[in-house]
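Here is the file upload08.cif (mmCIF, N, CA and C atoms).
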```
data_protein
#
loop_
_atom_site.label_atom_id
_atom_site.label_comp_id
_atom_site.auth_asym_id
_atom_site.auth_seq_id
_atom_site.Cartn_x
_atom_site.Cartn_y
_atom_site.Cartn_z
N MET H 1 -13.00 232.31 24.91
CA MET H 1 -11.73 232.91 24.57
C MET H 1 -10.79 232.86 25.79
N PHE H 2 -9.57 232.47 25.56
CA PHE H 2 -8.56 232.39 26.62
C PHE H 2 -7.98 233.77 26.89
N GLU H 3 -7.88 234.11 28.15
CA GLU H 3 -7.26 235.38 28.53
C GLU H 3 -6.27 235.13 29.65
N VAL H 4 -5.06 235.66 29.50
CA VAL H 4 -4.02 235.49 30.51
C VAL H 4 -4.39 236.33 31.73
N GLN H 5 -4.34 235.70 32.89
CA GLN H 5 -4.61 236.42 34.13
C GLN H 5 -3.32 237.04 34.66
N HIS H 6 -3.45 238.16 35.31
CA HIS H 6 -2.31 238.84 35.90
C HIS H 6 -2.55 238.97 37.41
N TRP H 7 -1.52 238.68 38.19
CA TRP H 7 -1.63 238.71 39.64
C TRP H 7 -0.70 239.79 40.20
N ASN H 8 -1.00 240.23 41.38
CA ASN H 8 -0.16 241.22 42.07
C ASN H 8 0.86 240.55 42.97
N VAL H 9 0.98 239.25 42.85
CA VAL H 9 1.90 238.47 43.68
C VAL H 9 2.74 237.56 42.79
N GLY H 10 3.82 237.04 43.34
CA GLY H 10 4.62 236.05 42.65
C GLY H 10 4.36 234.68 43.24
N CYS H 11 5.07 233.71 42.75
CA CYS H 11 4.97 232.35 43.25
C CYS H 11 5.34 232.32 44.74
N THR H 12 4.60 231.59 45.53
CA THR H 12 4.85 231.49 46.96
C THR H 12 6.20 230.83 47.24
N LEU H 13 6.61 229.90 46.39
CA LEU H 13 7.85 229.16 46.64
C LEU H 13 9.09 229.84 46.09
N CYS H 14 9.01 230.37 44.86
CA CYS H 14 10.22 230.93 44.24
C CYS H 14 10.12 232.42 43.96
N ASP H 15 8.96 233.01 44.19
CA ASP H 15 8.71 234.44 44.03
C ASP H 15 8.83 234.91 42.57
N SER H 16 8.63 234.02 41.62
CA SER H 16 8.69 234.40 40.21
C SER H 16 7.54 235.36 39.89
N PRO H 17 7.86 236.52 39.34
CA PRO H 17 6.80 237.46 38.98
C PRO H 17 6.29 237.26 37.55
N SER H 18 6.91 236.33 36.79
CA SER H 18 6.59 236.26 35.38
C SER H 18 6.10 234.89 34.90
N SER H 19 5.90 233.93 35.79
CA SER H 19 5.45 232.62 35.35
C SER H 19 3.93 232.52 35.45
N TYR H 20 3.37 231.53 34.75
CA TYR H 20 1.94 231.26 34.91
C TYR H 20 1.75 230.66 36.29
N LEU H 21 0.76 231.15 37.01
CA LEU H 21 0.55 230.71 38.38
C LEU H 21 -0.73 229.90 38.51
N ASP H 22 -0.68 228.87 39.36
CA ASP H 22 -1.86 228.13 39.74
C ASP H 22 -2.26 228.64 41.11
N GLU H 23 -3.55 228.90 41.29
CA GLU H 23 -4.05 229.35 42.59
C GLU H 23 -4.47 228.12 43.38
N ILE H 24 -3.91 227.99 44.57
CA ILE H 24 -4.18 226.83 45.41
C ILE H 24 -4.71 227.34 46.74
N GLY H 25 -5.78 226.75 47.22
CA GLY H 25 -6.33 227.16 48.50
C GLY H 25 -7.79 227.50 48.41
N GLY H 26 -8.31 228.01 49.49
CA GLY H 26 -9.73 228.32 49.59
C GLY H 26 -10.10 229.65 48.97
N SER H 27 -11.33 230.01 49.15
CA SER H 27 -11.84 231.24 48.55
C SER H 27 -11.53 232.48 49.38
N ALA H 28 -11.13 232.31 50.63
CA ALA H 28 -10.77 233.45 51.47
C ALA H 28 -9.44 234.02 51.01
N PRO H 29 -9.34 235.35 50.83
CA PRO H 29 -8.09 235.95 50.32
C PRO H 29 -6.84 235.60 51.13
N ASP H 30 -6.97 235.46 52.43
CA ASP H 30 -5.79 235.15 53.25
C ASP H 30 -5.39 233.68 53.19
N ARG H 31 -6.17 232.86 52.51
CA ARG H 31 -5.85 231.43 52.39
C ARG H 31 -5.34 231.07 51.00
N ARG H 32 -5.26 232.03 50.09
CA ARG H 32 -4.82 231.75 48.72
C ARG H 32 -3.30 231.64 48.64
N VAL H 33 -2.86 230.66 47.88
CA VAL H 33 -1.44 230.45 47.63
C VAL H 33 -1.28 230.34 46.12
N PHE H 34 -0.27 231.01 45.59
CA PHE H 34 0.00 230.97 44.15
C PHE H 34 1.32 230.27 43.92
N MET H 35 1.31 229.29 43.01
CA MET H 35 2.51 228.52 42.70
C MET H 35 2.69 228.42 41.20
N CYS H 36 3.95 228.34 40.76
CA CYS H 36 4.24 228.19 39.33
C CYS H 36 3.56 226.94 38.80
N SER H 37 2.99 227.05 37.61
CA SER H 37 2.40 225.85 37.00
C SER H 37 3.50 224.95 36.44
N ASP H 38 4.66 225.51 36.15
CA ASP H 38 5.81 224.74 35.66
C ASP H 38 6.70 224.42 36.86
N THR H 39 6.53 223.21 37.39
CA THR H 39 7.24 222.85 38.63
C THR H 39 8.75 222.74 38.43
N ALA H 40 9.19 222.35 37.24
CA ALA H 40 10.64 222.25 36.99
C ALA H 40 11.26 223.65 37.01
N TYR H 41 10.61 224.62 36.41
CA TYR H 41 11.09 226.01 36.41
C TYR H 41 11.15 226.53 37.86
N CYS H 42 10.13 226.26 38.62
CA CYS H 42 10.07 226.71 40.02
C CYS H 42 11.21 226.09 40.82
N ARG H 43 11.44 224.81 40.66
CA ARG H 43 12.52 224.12 41.37
C ARG H 43 13.88 224.71 41.00
N GLU H 44 14.09 224.97 39.71
CA GLU H 44 15.36 225.56 39.26
C GLU H 44 15.58 226.94 39.89
N ARG H 45 14.53 227.74 39.97
CA ARG H 45 14.67 229.07 40.59
C ARG H 45 15.00 228.94 42.08
N ARG H 46 14.35 228.00 42.76
CA ARG H 46 14.63 227.81 44.20
C ARG H 46 16.05 227.32 44.42
N GLU H 47 16.49 226.36 43.59
CA GLU H 47 17.84 225.83 43.74
C GLU H 47 18.89 226.90 43.44
N ALA H 48 18.62 227.77 42.47
CA ALA H 48 19.57 228.83 42.13
C ALA H 48 19.68 229.86 43.24
N SER H 49 18.62 230.07 43.99
CA SER H 49 18.65 231.08 45.04
C SER H 49 19.03 230.49 46.40
N GLU H 50 19.18 229.19 46.51
CA GLU H 50 19.51 228.55 47.79
C GLU H 50 20.79 229.09 48.42
N PRO H 51 21.89 229.24 47.69
CA PRO H 51 23.10 229.77 48.33
C PRO H 51 22.90 231.16 48.94
N ALA H 52 22.14 232.01 48.28
CA ALA H 52 21.88 233.35 48.81
C ALA H 52 21.03 233.27 50.07
N ARG H 53 20.02 232.39 50.07
CA ARG H 53 19.18 232.23 51.27
C ARG H 53 20.00 231.69 52.43
N ARG H 54 20.85 230.71 52.15
CA ARG H 54 21.68 230.12 53.19
C ARG H 54 22.59 231.17 53.81
N ALA H 55 23.20 232.00 52.97
CA ALA H 55 24.11 233.05 53.46
C ALA H 55 23.36 234.04 54.34
N ALA H 56 22.08 234.27 54.05
CA ALA H 56 21.29 235.21 54.85
C ALA H 56 20.63 234.54 56.04
N GLY H 57 20.77 233.21 56.17
CA GLY H 57 20.19 232.49 57.29
C GLY H 57 18.70 232.26 57.15
N ILE H 58 18.19 232.26 55.92
CA ILE H 58 16.75 232.06 55.67
C ILE H 58 16.52 230.61 55.32
N ARG H 59 15.51 230.01 55.97
CA ARG H 59 15.15 228.62 55.69
C ARG H 59 13.72 228.58 55.21
N LEU H 60 13.45 227.72 54.21
CA LEU H 60 12.07 227.54 53.73
C LEU H 60 11.47 226.30 54.35
#
```
If you convert what's in this file into structure tokens, what do you get?
Amino acid sequence: MFEVQHWNVGCTLCDSPSSYLDEIGGSAPDRRVFMCSDTAYCRERREASEPARRAAGIRL
């Protein structure tokens, strides 16, 4: 039976709290990275927030 997993974190790249996430990395908790499984959605979120990051002087 398929069950949706819930995480206490958002996507590492776009910080989406509501997308399906893929866990990437090793088994150590400090090495885990979560990324959107829908890369187009993730890219759109990052592009939409780019002007705000630029204004704040934040670089990815």
Specify as a tab-separated table (two decimals) with N, CA and C atoms, in the coordinates of the input each residue included when the PyMOL selection byres ((chain H and resi 10-13) around 6) is applied to this file.
```tsv
chain	number	residue	atom	x	y	z
H	8	ASN	N	-1.00	240.23	41.38
H	8	ASN	CA	-0.16	241.22	42.07
H	8	ASN	C	0.86	240.55	42.97
H	9	VAL	N	0.98	239.25	42.85
H	9	VAL	CA	1.90	238.47	43.68
H	9	VAL	C	2.74	237.56	42.79
H	14	CYS	N	9.01	230.37	44.86
H	14	CYS	CA	10.22	230.93	44.24
H	14	CYS	C	10.12	232.42	43.96
H	15	ASP	N	8.96	233.01	44.19
H	15	ASP	CA	8.71	234.44	44.03
H	15	ASP	C	8.83	234.91	42.57
H	16	SER	N	8.63	234.02	41.62
H	16	SER	CA	8.69	234.40	40.21
H	16	SER	C	7.54	235.36	39.89
H	17	PRO	N	7.86	236.52	39.34
H	17	PRO	CA	6.80	237.46	38.98
H	17	PRO	C	6.29	237.26	37.55
H	34	PHE	N	-0.27	231.01	45.59
H	34	PHE	CA	0.00	230.97	44.15
H	34	PHE	C	1.32	230.27	43.92
H	35	MET	N	1.31	229.29	43.01
H	35	MET	CA	2.51	228.52	42.70
H	35	MET	C	2.69	228.42	41.20
H	36	CYS	N	3.95	228.34	40.76
H	36	CYS	CA	4.24	228.19	39.33
H	36	CYS	C	3.56	226.94	38.80
```
Output check: residues returned by the PyMOL selection byres (((chain H and resi 37 and name CA) around 7) and name CA), as a list in words:
Tyr20, Leu21, Asp22, Met35, Cys36, Asp38 and Thr39 of chain H
Report the distance between atom N of Met1 in chain H and atom C of Arg32 in chain H in Å, rounded to one decimal place.
25.6 Å
Which distance in Å separates CA of Ser49 in chain H and CA of Ser19 in chain H, to one decimal?
16.4 Å
Just how far from atom C of Val33 in chain H is atom N of Glu3 in chain H, in Å to one decimal?
19.5 Å
